[in-house]
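A.B. asks: I am attaching a structure below and will ask some questions about it afterwards.
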Number of protein chains: 2
Amino acid sequence: MESYHTQHSPFGAFASFTIGLVGAPGGFGQSLSGPADQNVYVGFRRSGEGWRLLPFFTPRASQESAFSGEEKDSGVDDLAALMPTQYRRELRLASDTWRAEEFEFALHTPFTNVPDPGTLDGTQARRLLAPVIYGSIGFDNSLGEASVELVFGINTPSRQLRPLCDTEPQLNGFAHGGDFGFATPAGKGVQAVQGFNLFDRKQMDPRGLFLLGNESGFVFTVPPGEVVSFPLALGFYQAGLVTTGMAGSYLYTRYFERLEDVLLHGLSYYRDAVAEAGRRDAELLESGLSAEQQFLIAQATHSYHGSTELLCCDEKNVVWVVNEGEYRMMNTFDLTVDQIFFELEWHPWTVRNVLDLFARRYCYRDDLRLPGGKTAEGGLSFTHDMGVVNHFTPPGLSSYECVGLEGCFSHMTMEQLVNWVLCAVTYSRRTGDRAWLAANQDTLAQCAESLRRRDNPDPALRDGLLKCDSTRCGAHGAEITTYDSLDVSLGQARNNLYLSVKALAAWQLIAAALDDLGDPAGAAAARADADRAAGSISSKFEKETGCFPAVFEAGNRARILPAVEGFAFPLYLDLDDLRHPSPALKTLLAQCRAHLAASLRPGVCLDSVTGGWKLSSSSTNTWFSKIALAQYVIRGLFADVLTPAAVAADKVHASWENTPGCGAMAMCDQIDSDTGIARGSKYYPRCVTTWLWLLEGTRRGT
Amino acid sequence: MESYHTQHSPFGAFASFTIGLVGAPGGFGQSLSGPADQNVYVGFRRSGEGWRLLPFFTPRASQESAFSGEEKDSGVDDLAALMPTQYRRELRLASDTWRAEEFEFALHTPFTNVPDPGTLDGTQARRLLAPVIYGSIGFDNSLGEASVELVFGINTPSRQLRPLCDTEPQLNGFAHGGDFGFATPAGKGVQAVQGFNLFDRKQMDPRGLFLLGNESGFVFTVPPGEVVSFPLALGFYQAGLVTTGMAGSYLYTRYFERLEDVLLHGLSYYRDAVAEAGRRDAELLESGLSAEQQFLIAQATHSYHGSTELLCCDEKNVVWVVNEGEYRMMNTFDLTVDQIFFELEWHPWTVRNVLDLFARRYCYRDDLRLPGGKTAEGGLSFTHDMGVVNHFTPPGLSSYECVGLEGCFSHMTMEQLVNWVLCAVTYSRRTGDRAWLAANQDTLAQCAESLRRRDNPDPALRDGLLKCDSTRCGAHGAEITTYDSLDVSLGQARNNLYLSVKALAAWQLIAAALDDLGDPAGAAAARADADRAAGSISSKFEKETGCFPAVFEAGNRARILPAVEGFAFPLYLDLDDLRHPSPALKTLLAQCRAHLAASLRPGVCLDSVTGGWKLSSSSTNTWFSKIALAQYVIRGLFADVLTPAAVAADKVHASWENTPGCGAMAMCDQIDSDTGIARGSKYYPRCVTTWLWLLEGTRRGT
């Protein structure tokens, strides 16, 4: 049964209005690690019948008894929750609609290209940065003979809402302090209601409200013969400093004075906003992708937006943060590198913004522990993240990376070094921002040198594979990759197949960048490094199995799909290096094709129970964002390995995300491939790697 | 078994650090309706043994598995919770101490006289308004042969803490965003620790911390042969606007820039603060009151402070708010009138501040519904409250009062009119602030006129009893009293014994005020009103039972102790009217004595199961704040009616509050007299009526 939460979020407000899971609360959540806990009441009542509501609530004890001192029956509510068989839900790229009989409720979360905020005037900034989303609630009563009532309201368990008209006479609605609220235009057929029980209001003050009641909303009346839809604005506002370490406030607070301002804007901009959302919806509908793919893109995009946070730090610097879903780590670099494809489409300057902050504050130089135990000078790299839960860590430190570990929470020095290179070149090539590239030429050169030293400090001994651990891991620790929690087949950085191919791609991009910068010698050297890597990786190919081992150590025999992940970047940039591969790369690509053909089989990298894609043959922990990325690469470079079973898995992946195993936490990344149940990385932004699917036809042709 | 939460709170910050209930979390709570949900870890470990902690926590699943994607056993914690038999707790007026063997932990919440903030310089303001409390953790290891470790830390389930040194190098500690935090001076034997599990830390960053861990604190080391106590500062901070309706920020934000500033102040002021707390403790210890009475005063004072909120509104006006415990209504007037005795001792200007706001914004003029149904012009009165959960209601409206009701949530027009009079005169008489009284002479006159009209608009028909309902109640509603949720014996305002006596007291106070204002004619008229009331109340005395009925209507035969509550004011002010009563009053007092003697018996107003005081013979819902007030009046005026059973009830009341039935929510007011379990009014400020007990010896002699 389809049942899943979706995050409905403005751009850059780190806020979501989350609903959708059947029989579950949600509502307004500010900077949370999961859905909020508000019952949301949305539904209709025909004359003489009971209320029928979408199932966004659980039964709650009335708060009345706390006041009356008596345990009272809260009364038999004359209401019923609609079950999924009684309504139709359609999640699109920027809207989410529920229809039951003649009733329709929709949330609209328009997004569009956002230019660098430095270039925006006030009007543009208000339009693009408003921390508001939009709703519509309506009924087609054209054939009805009596009025129909509609309801939209929420239960806020820990605090009553205040009527907005107290502070802004033009506003009809309710707010939770100054933090969030909702409004609809006052008018005929619209009544603001508030009480201990929205559907059985016993107490009313002279205005017809009851401020002690913790359920607040509107009752709308649709007369017989009419088709009416009422607009809603659902807004968020966080005043003042919200981050520490670097003291930051939301950039939107420069353009909106307070929540009331946001909601007034939302109501006045409503029509344009819904139209904008409609354009996004249409673009996805016309993409030619399957319904399952479209769902996965739409759901991923919704969760991505819920994690975005646009700040102004130290009173002057615009700082872009994507929070890491339930973990709320800030600008986790191994997410940035995957989300870049989406961001370059809609707001490429955010990529530059993050890279600049990594290069300025979140970088370090280390020493290396060589195989055998000796140490040597290392080089430049970058931290795993920039902090957690709105606290920016000090320069050179992440919230994640610890000392003395070999698994989760160890350092990701190699990984993040590769990630800076990939992001920097992908950004500059895709946007054509050569000036930025030129300004960062020295950093890029330091990255190249650092990459080489992590192969071997002695140039004569290099083979193109990263094999030294940073001494930041301590005497007994080892570097890990972003696949920290998967299993050893992907977690170890040293001699790692996934990371080796990604580093190869980094060399290809460095070469392209040096071409752009007019350094043909440097470019040639980088291409030589790429070829050296290709050759060394090739040499690890197991002729007898037709596969690569996941780690070039200790007889590892796991098969992994991220073997080819690194090719996403040259593929996306349509680099000649990939179009016209060198002999070494040609060999490697052929081996990869064989590896994939052998891996994309049930029991290897297709789960034998569900048929879903598994990143590794040796683990049932699979990550959907990385599946999507692998699909992009495989469809672009190795399409012939896709068996019908492998292609059919889109349906499996969609069914994981649209049922409670994942859907209880909106978009989830880490999933058990044999059950479809999320085991981590919930409420997660990274799955916008699905955006790449929309580029498949346009960039290379499949 | 003693087990109760106590709110440890700074002055005016609407914040508490709540601990004490056995086996329960608590911790830092900002503007909450009850305890927060943080495990608090406080205890010690001898060399070679396990940790032994005070029981301020419940077992929690480690958050590690969310990151690792694996369900791991969180490991066998080598720790045990101390049970109440293994430690001794001592709650004093401004401190709370737990001792186990050589271990000692204490919280210190100093308070003192706070002058009008307008008269304070910056240094004084920082000293008096700092939103910080103090802790000490120590061990007497003088006879030990090995080091002992101590721990203080908390688990914050929804957000990790940040190390304070990141933003303030001088500070050693942790903070929850900018909202709250704790610190101790850095130094030998002090280690800041952070992890998924404070007692089994597997991950450490280069600083020895782990920012993803949601348990944070300190481990202290006490060497053998030493006695060491480590200081703690526990601070709160809420920046910017916190109230709506009237836009207000905490006054302390004028004097403290941010949380770090508060904590630095707390550490530097630590010694003075603990000494100040010690002076308060000593004053109560030397009071001569019983241990149970001292406990009830101390616990009440702690909860009172947790509800206090000192604001600066509209950028210029100091506004004092006492929040109504779990309900969080603001300046509920029927609490103000009871808390006045405490406030006049420590910060009398807050009473004036509240009265001014009632007179300026939270007043109204109404019409009356006369017995029989006709309406007539009414007069001035005041709202029940000023809003709820930091939202100030519009002028003339409370959050509580609704239309068309006869019980809870109806209007309290008569009650609040009487309350303004009692508070105004008690304030001016006690403080000698004649200038304020003179400035409010017109309001007082309007109150007198309003009182008279609520008796009867026709002067010829007045009998001194309030018997008209405000038309604000609607066509079918009726006014109630503060005893809204008790039962009809106390709830109805019209012809109510409790309210009639309270109105009589109001006339006595008006007379005294008019004496002060040089209006002997007015004073004489007021005394006539008092006598008229005394006579009419007297006439309701039931000779056959020797009691008053609670309501002079419908054959009501309930017996109530608040019959004499109103006398608290003339008693407190030591008015001549009470010292040398008029004949009418003399008669009434004699009847009251008989009434009390008949009522203070098991099965009437002493609960037949527990022996606790019951406000009404017809309800087991009893309110401790009002019991304390009645005790003050009875001991002051009718001491001879106190049987040993009635006196012994202090032990019963203390046992209600120091066990989980009430103690789970710190000080509670509404209690079931047959079980001792709170049924409402939890986490409540009003029980500082107990402060009157400390005045009994000094003002009149018992």
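The way I read the labels, and the way they are meant: chains A, B, ... in the order of the structure tokens, residue 1 as the first residue of every chain, and ligand 1 as the first ligand shown, with later ones counted on from there.
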Which chain B residues are at most 6 Å from chain A (counting only C-alpha atoms), as a list in words?

C.D. replies: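 Selected residues: Ala66, Ser68, Gly69, Thr167, Gln203, Met204, Asp205, Leu211, Gly245, Ser399, Cys402, Val403, Ser485, Arg679 and Gly680 of chain B.
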
A.B. asks: Would you kindly return, as number ranges by chain, each protein, DNA or RNA residue with an atom no farther than 10 Å from any atom of A:Ala273, considering only C-alpha atoms and excluding same-chain residues fewer than 3 positions away?

C.D. replies: A: 108-111, 127, 133-134, 266-270, 276-279

A.B. asks: For A:Arg369, which residue out of A:Arg201, A:Arg453, A:His580, A:Arg635 is the nearest one, using only C-alpha atoms?

C.D. replies: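 Result for the nearest residue to A:Arg369: A:Arg453.
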
A.B. asks: Just the residues within 6 Å of B:Arg52, please, counting only C-alpha atoms, with nothing from its chain fewer than 6 positions along; format it as number ranges by chain.

C.D. replies: B: 43-44, 79-81

A.B. asks: Between atom CA of B:Phe199 and atom CA of B:Gln38, what distance in Å does the model show, to one decimal?

C.D. replies: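 Going from atom CA of B:Phe199 over to atom CA of B:Gln38 covers 16.0 Å.
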
A.B. asks: Leaving out stretch 214-231 of chain B and any residue of its chain fewer than 4 positions from it, which residues lie within 8 Å of it when counting only C-alpha atoms, given as an NGL selection string?

C.D. replies: :B and (63 or 134-157 or 159-161 or 173-174 or 184-185 or 189-198 or 267 or 270)

A.B. asks: According to DSSP computed on the backbone, where in stretch 57-109 of chain B is there strand (DSSP E)? Give the residues as a ChimeraX atom specification.

C.D. replies: /B:79-81,88-91,95-100,103-108

A.B. asks: Which residues come within 7 Å of stretch 428-444 of chain B, counting only C-alpha atoms, excluding same-chain residues fewer than 6 positions away, as a list in words?

C.D. replies: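 Once the nearby chain positions are removed, what remains is Val421, Leu517 and Leu573 of chain B.
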
A.B. asks: Atom CA of B:Val42 and atom CA of B:Gly26 are how many Å apart?

C.D. replies: 12.5 Å

A.B. asks: Just list as a PyMOL selection string whatever in stretch 453-493 of chain B DSSP marks as alpha helix (DSSP H).

C.D. replies: chain B and resi 453-455+488-491

A.B. asks: Write the residues of the preceding selection, restricted to C-alpha atoms, as an mmCIF file, in the first residue's frame.

C.D. replies:
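Dumped everything to selection.cif:
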data_model
loop_
_atom_site.group_PDB
_atom_site.id
_atom_site.type_symbol
_atom_site.label_atom_id
_atom_site.label_comp_id
_atom_site.auth_asym_id
_atom_site.auth_seq_id
_atom_site.Cartn_x
_atom_site.Cartn_y
_atom_site.Cartn_z
ATOM 1 C CA ARG B 453 -23.284 47.881 40.630
ATOM 2 C CA ARG B 454 -22.566 44.140 40.578
ATOM 3 C CA ASP B 455 -24.427 43.947 43.874
ATOM 4 C CA VAL B 488 -20.105 24.074 41.809
ATOM 5 C CA SER B 489 -19.579 24.761 45.520
ATOM 6 C CA LEU B 490 -16.743 27.064 44.597
ATOM 7 C CA GLY B 491 -17.029 27.588 40.871
#

A.B. asks: Could you give me, as a list of chain:residue names, the residues within 10 Å of A:Leu284, counting only C-alpha atoms and dropping anything in the same chain fewer than 6 positions from it?

C.D. replies: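 Listed by chain and then number, they are A:Arg92, A:Leu93, A:Ala94, A:Ala291, A:Gln293, A:Gln294, A:Phe295, A:Ile297, A:Ala298, A:Leu694.
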
A.B. asks: Stretch 5-11 of chain B: which residues within 8 Å, counting only C-alpha atoms, same-chain residues fewer than 2 positions away excluded, as a ChimeraX atom specification?

C.D. replies: /B:3,13-21,107-111,128-133,299,302-303,305-306,308-309,663-667

A.B. asks: Could you turn the residues from that selection into a file that holds N, CA and C atoms, as a JSON list (two decimals), in the first residue's frame?

C.D. replies:
[["chain", "number", "residue", "atom", "x", "y", "z"],
["B", 3, "SER", "N", 10.43, 11.10, 45.98],
["B", 3, "SER", "CA", 10.83, 11.14, 44.57],
["B", 3, "SER", "C", 10.09, 12.29, 43.93],
["B", 13, "ALA", "N", 13.58, 34.28, 33.78],
["B", 13, "ALA", "CA", 14.03, 33.74, 32.48],
["B", 13, "ALA", "C", 13.07, 32.69, 31.93],
["B", 14, "PHE", "N", 11.97, 32.42, 32.65],
["B", 14, "PHE", "CA", 11.00, 31.40, 32.23],
["B", 14, "PHE", "C", 11.74, 30.13, 31.80],
["B", 15, "ALA", "N", 12.61, 29.68, 32.68],
["B", 15, "ALA", "CA", 13.48, 28.54, 32.35],
["B", 15, "ALA", "C", 13.78, 27.76, 33.62],
["B", 16, "SER", "N", 13.95, 26.48, 33.46],
["B", 16, "SER", "CA", 14.24, 25.63, 34.61],
["B", 16, "SER", "C", 15.23, 24.54, 34.23],
["B", 17, "PHE", "N", 16.09, 24.22, 35.16],
["B", 17, "PHE", "CA", 16.84, 22.97, 35.09],
["B", 17, "PHE", "C", 16.18, 22.06, 36.11],
["B", 18, "THR", "N", 15.45, 21.07, 35.60],
["B", 18, "THR", "CA", 14.57, 20.27, 36.45],
["B", 18, "THR", "C", 15.13, 18.87, 36.63],
["B", 19, "ILE", "N", 15.40, 18.50, 37.86],
["B", 19, "ILE", "CA", 15.80, 17.13, 38.16],
["B", 19, "ILE", "C", 15.25, 16.74, 39.52],
["B", 20, "GLY", "N", 15.35, 15.46, 39.83],
["B", 20, "GLY", "CA", 15.01, 15.00, 41.17],
["B", 20, "GLY", "C", 14.12, 13.77, 41.17],
["B", 21, "LEU", "N", 13.18, 13.69, 40.23],
["B", 21, "LEU", "CA", 12.30, 12.53, 40.18],
["B", 21, "LEU", "C", 13.14, 11.28, 39.91],
["B", 107, "LEU", "N", 22.69, 21.93, 43.59],
["B", 107, "LEU", "CA", 22.32, 23.03, 42.71],
["B", 107, "LEU", "C", 21.97, 24.23, 43.59],
["B", 108, "HIS", "N", 22.44, 25.38, 43.17],
["B", 108, "HIS", "CA", 22.23, 26.60, 43.95],
["B", 108, "HIS", "C", 21.47, 27.59, 43.08],
["B", 109, "THR", "N", 20.34, 28.06, 43.60],
["B", 109, "THR", "CA", 19.53, 29.02, 42.84],
["B", 109, "THR", "C", 19.28, 30.24, 43.72],
["B", 110, "PRO", "N", 20.31, 31.07, 43.84],
["B", 110, "PRO", "CA", 20.20, 32.23, 44.72],
["B", 110, "PRO", "C", 19.13, 33.18, 44.23],
["B", 111, "PHE", "N", 18.43, 33.76, 45.17],
["B", 111, "PHE", "CA", 17.55, 34.87, 44.81],
["B", 111, "PHE", "C", 17.61, 35.89, 45.93],
["B", 128, "LEU", "N", 21.71, 40.53, 39.14],
["B", 128, "LEU", "CA", 20.37, 40.14, 39.55],
["B", 128, "LEU", "C", 19.58, 39.43, 38.45],
["B", 129, "LEU", "N", 19.90, 39.70, 37.21],
["B", 129, "LEU", "CA", 19.07, 39.19, 36.11],
["B", 129, "LEU", "C", 19.74, 38.08, 35.30],
["B", 130, "ALA", "N", 20.93, 37.68, 35.68],
["B", 130, "ALA", "CA", 21.65, 36.66, 34.90],
["B", 130, "ALA", "C", 20.81, 35.38, 34.79],
["B", 131, "PRO", "N", 20.55, 34.92, 33.59],
["B", 131, "PRO", "CA", 19.77, 33.68, 33.42],
["B", 131, "PRO", "C", 20.64, 32.44, 33.63],
["B", 132, "VAL", "N", 21.09, 32.29, 34.85],
["B", 132, "VAL", "CA", 22.04, 31.21, 35.13],
["B", 132, "VAL", "C", 21.76, 30.64, 36.52],
["B", 133, "ILE", "N", 21.98, 29.36, 36.67],
["B", 133, "ILE", "CA", 21.98, 28.77, 38.01],
["B", 133, "ILE", "C", 23.33, 28.10, 38.21],
["B", 299, "GLN", "N", 9.98, 24.06, 47.88],
["B", 299, "GLN", "CA", 9.56, 23.48, 46.61],
["B", 299, "GLN", "C", 8.67, 24.47, 45.85],
["B", 302, "HIS", "N", 10.81, 27.29, 44.36],
["B", 302, "HIS", "CA", 11.52, 26.84, 43.16],
["B", 302, "HIS", "C", 10.59, 26.88, 41.93],
["B", 303, "SER", "N", 9.37, 26.35, 42.07],
["B", 303, "SER", "CA", 8.48, 26.33, 40.91],
["B", 303, "SER", "C", 8.00, 27.72, 40.53],
["B", 305, "HIS", "N", 9.76, 30.50, 40.72],
["B", 305, "HIS", "CA", 10.81, 31.15, 39.93],
["B", 305, "HIS", "C", 10.85, 30.62, 38.50],
["B", 306, "GLY", "N", 10.56, 29.33, 38.33],
["B", 306, "GLY", "CA", 10.58, 28.76, 36.98],
["B", 306, "GLY", "C", 9.54, 29.34, 36.05],
["B", 308, "THR", "N", 8.62, 32.61, 36.16],
["B", 308, "THR", "CA", 8.76, 34.07, 36.05],
["B", 308, "THR", "C", 9.45, 34.49, 34.76],
["B", 309, "GLU", "N", 9.03, 35.62, 34.23],
["B", 309, "GLU", "CA", 9.52, 36.08, 32.93],
["B", 309, "GLU", "C", 9.58, 37.60, 32.95],
["B", 663, "GLY", "N", 5.05, 15.04, 42.50],
["B", 663, "GLY", "CA", 6.45, 15.39, 42.29],
["B", 663, "GLY", "C", 6.96, 15.17, 40.87],
["B", 664, "ALA", "N", 6.27, 14.36, 40.08],
["B", 664, "ALA", "CA", 6.69, 14.17, 38.69],
["B", 664, "ALA", "C", 6.61, 15.47, 37.92],
["B", 665, "MET", "N", 5.80, 16.41, 38.41],
["B", 665, "MET", "CA", 5.66, 17.69, 37.74],
["B", 665, "MET", "C", 6.04, 18.84, 38.68],
["B", 666, "ALA", "N", 7.07, 18.59, 39.50],
["B", 666, "ALA", "CA", 7.52, 19.59, 40.48],
["B", 666, "ALA", "C", 6.32, 20.01, 41.33],
["B", 667, "MET", "N", 6.21, 21.29, 41.67],
["B", 667, "MET", "CA", 5.13, 21.70, 42.58],
["B", 667, "MET", "C", 3.79, 21.67, 41.85]]

A.B. asks: In terms of the shortest atom-to-atom distance over only C-alpha atoms, which of B:Leu465, B:Ile627, B:Val418, B:Cys547 is closest to B:Thr690?

C.D. replies: B:Ile627

A.B. asks: Using Å and a single decimal, report how far atom CA of B:Ser599 sits from atom CA of B:Thr659.

C.D. replies: 27.2 Å
